[in-house]
Amino acid sequence: MPKAVKIPSKVRNPVQNRSIERKERLIDAAYELVKQKGYSETGIRDIVDAANVSIGTFYAYYKDKYDITFEILKKYGEETYGQLAEAVIAILPAEAKLSEIVYRILLQLKKTAMKNQKLHKEFFLLSLTDKKFGEAVRENEVIRIQIEFQKLISYFKEGKKIKNDPISLILVQRVIDDITTYATFSNLGDKEEKLILETSVMVANYLYKEK
């Protein structure tokens with residue numbers, strides 16, 4: 001009978017290049033497996049096998065599967081928001097209105113969510129049932145959307161001043177995220193385009209500063 005793996009009392013961060021590379025392999029493997037199979041169907045053994053490391057290596061860095069979930073969330077945030085501004089700007093006309101910018105943001109986020117439906121749905125549900133994870137999701141989204149939104153605002157040339165304070169951006173981010181999730185998992189058919197268009201106009205109107 002194999003000996004039980006002793007889990008360290010404190011998870012350590014690697015310092016040597018070889019150890020860093022092992023940890024990165026674990027994160028990458030966990031991320032790809034969760035995208036393919038779902039969070040609930042992915043086990044620690046699956047992760048270490050895919051990363052080609054020992055199970056002891058996993059426990060050197062993480063206490064359990066839940067612990068590595070935050071690394072998966074970070075990678076998903078990078079995929080969802082990391083290139084958001086660049087992807088949107090690439091398809092915008094030179095003098096885009098703010099509502100069109102928001103519209104393109106919604107389409108790009110929905111595209112990413114559709115590509116990762118299983119992961120998006122499980123993380124959405126986990127954020128509702130797990131307080132710590134929910135806080136991490138919101139913090140990750142707020143930081144990301146603020147960075148990307150500032151890039152997009154620098155592209156905005158309509159001549160009107162817009163709100164870009166943290167509270168306003170949090171409110172906009174929540175609306176955009178909720179509509180993205182709703183559009184991804186609801187069979188709206190022809191109504192989806194109208195939902196996204198009207199949300200874009202509503203958000204743009206909110207962001208215009210009053211004179």
# chains A, B, ... in the order shown; residues from 1 in each chain; ligands from 1
>>> closest_atom_pairs(of="range 110-181 of chain A", to="range 21-39 of chain A", cutoff="9 Å", atoms="only C-alpha atoms", output="JSON lines")
{"residue": "A:Asn116", "atom": "CA", "partner": "A:Lys35", "partner_atom": "CA", "distance": 6.2}
{"residue": "A:Gln117", "atom": "CA", "partner": "A:Lys35", "partner_atom": "CA", "distance": 8.3}
{"residue": "A:Lys118", "atom": "CA", "partner": "A:Gly38", "partner_atom": "CA", "distance": 5.9}
{"residue": "A:Leu119", "atom": "CA", "partner": "A:Lys35", "partner_atom": "CA", "distance": 5.4}
{"residue": "A:His120", "atom": "CA", "partner": "A:Lys35", "partner_atom": "CA", "distance": 8.7}
{"residue": "A:Glu122", "atom": "CA", "partner": "A:Tyr39", "partner_atom": "CA", "distance": 6.8}
{"residue": "A:Phe123", "atom": "CA", "partner": "A:Tyr39", "partner_atom": "CA", "distance": 8.3}
>>> write_last_selection(atoms="C-alpha atoms", output="PDB file, in the first residue's frame")
ATOM      1  CA  ASN A 116     -15.132  28.181 -22.421  1.00  0.00           C
ATOM      2  CA  GLN A 117     -18.783  27.535 -21.519  1.00  0.00           C
ATOM      3  CA  LYS A 118     -18.163  24.755 -19.007  1.00  0.00           C
ATOM      4  CA  LEU A 119     -15.468  26.677 -17.143  1.00  0.00           C
ATOM      5  CA  HIS A 120     -17.446  29.933 -17.235  1.00  0.00           C
ATOM      6  CA  GLU A 122     -18.802  26.368 -13.075  1.00  0.00           C
ATOM      7  CA  PHE A 123     -16.820  29.404 -11.968  1.00  0.00           C
TER       8      PHE A 123
END
>>> residues_around(residues="range 93-107 of chain A", least_positions_apart="2", cutoff="7 Å", atoms="only C-alpha atoms", output="MDAnalysis selection string")
chainID A and resid 88 91 109:111 156:158 176 180 196:197 200:201 204
>>> atom_distance(atom1="CA of Glu79 in chain A", atom2="CA of Thr112 in chain A")
7.9 Å
>>> select_by_dssp(residues="range 73-188 of chain A", states="alpha helix (DSSP H)", output="ChimeraX atom specification")
/A:73-81,84-89,98-115,117-129,131-155,166-185
>>> closest_residue(among="A:Leu195, A:Ala60, A:Ile68, A:Leu73", to="Thr42 in chain A", atoms="only C-alpha atoms")
A:Ile68
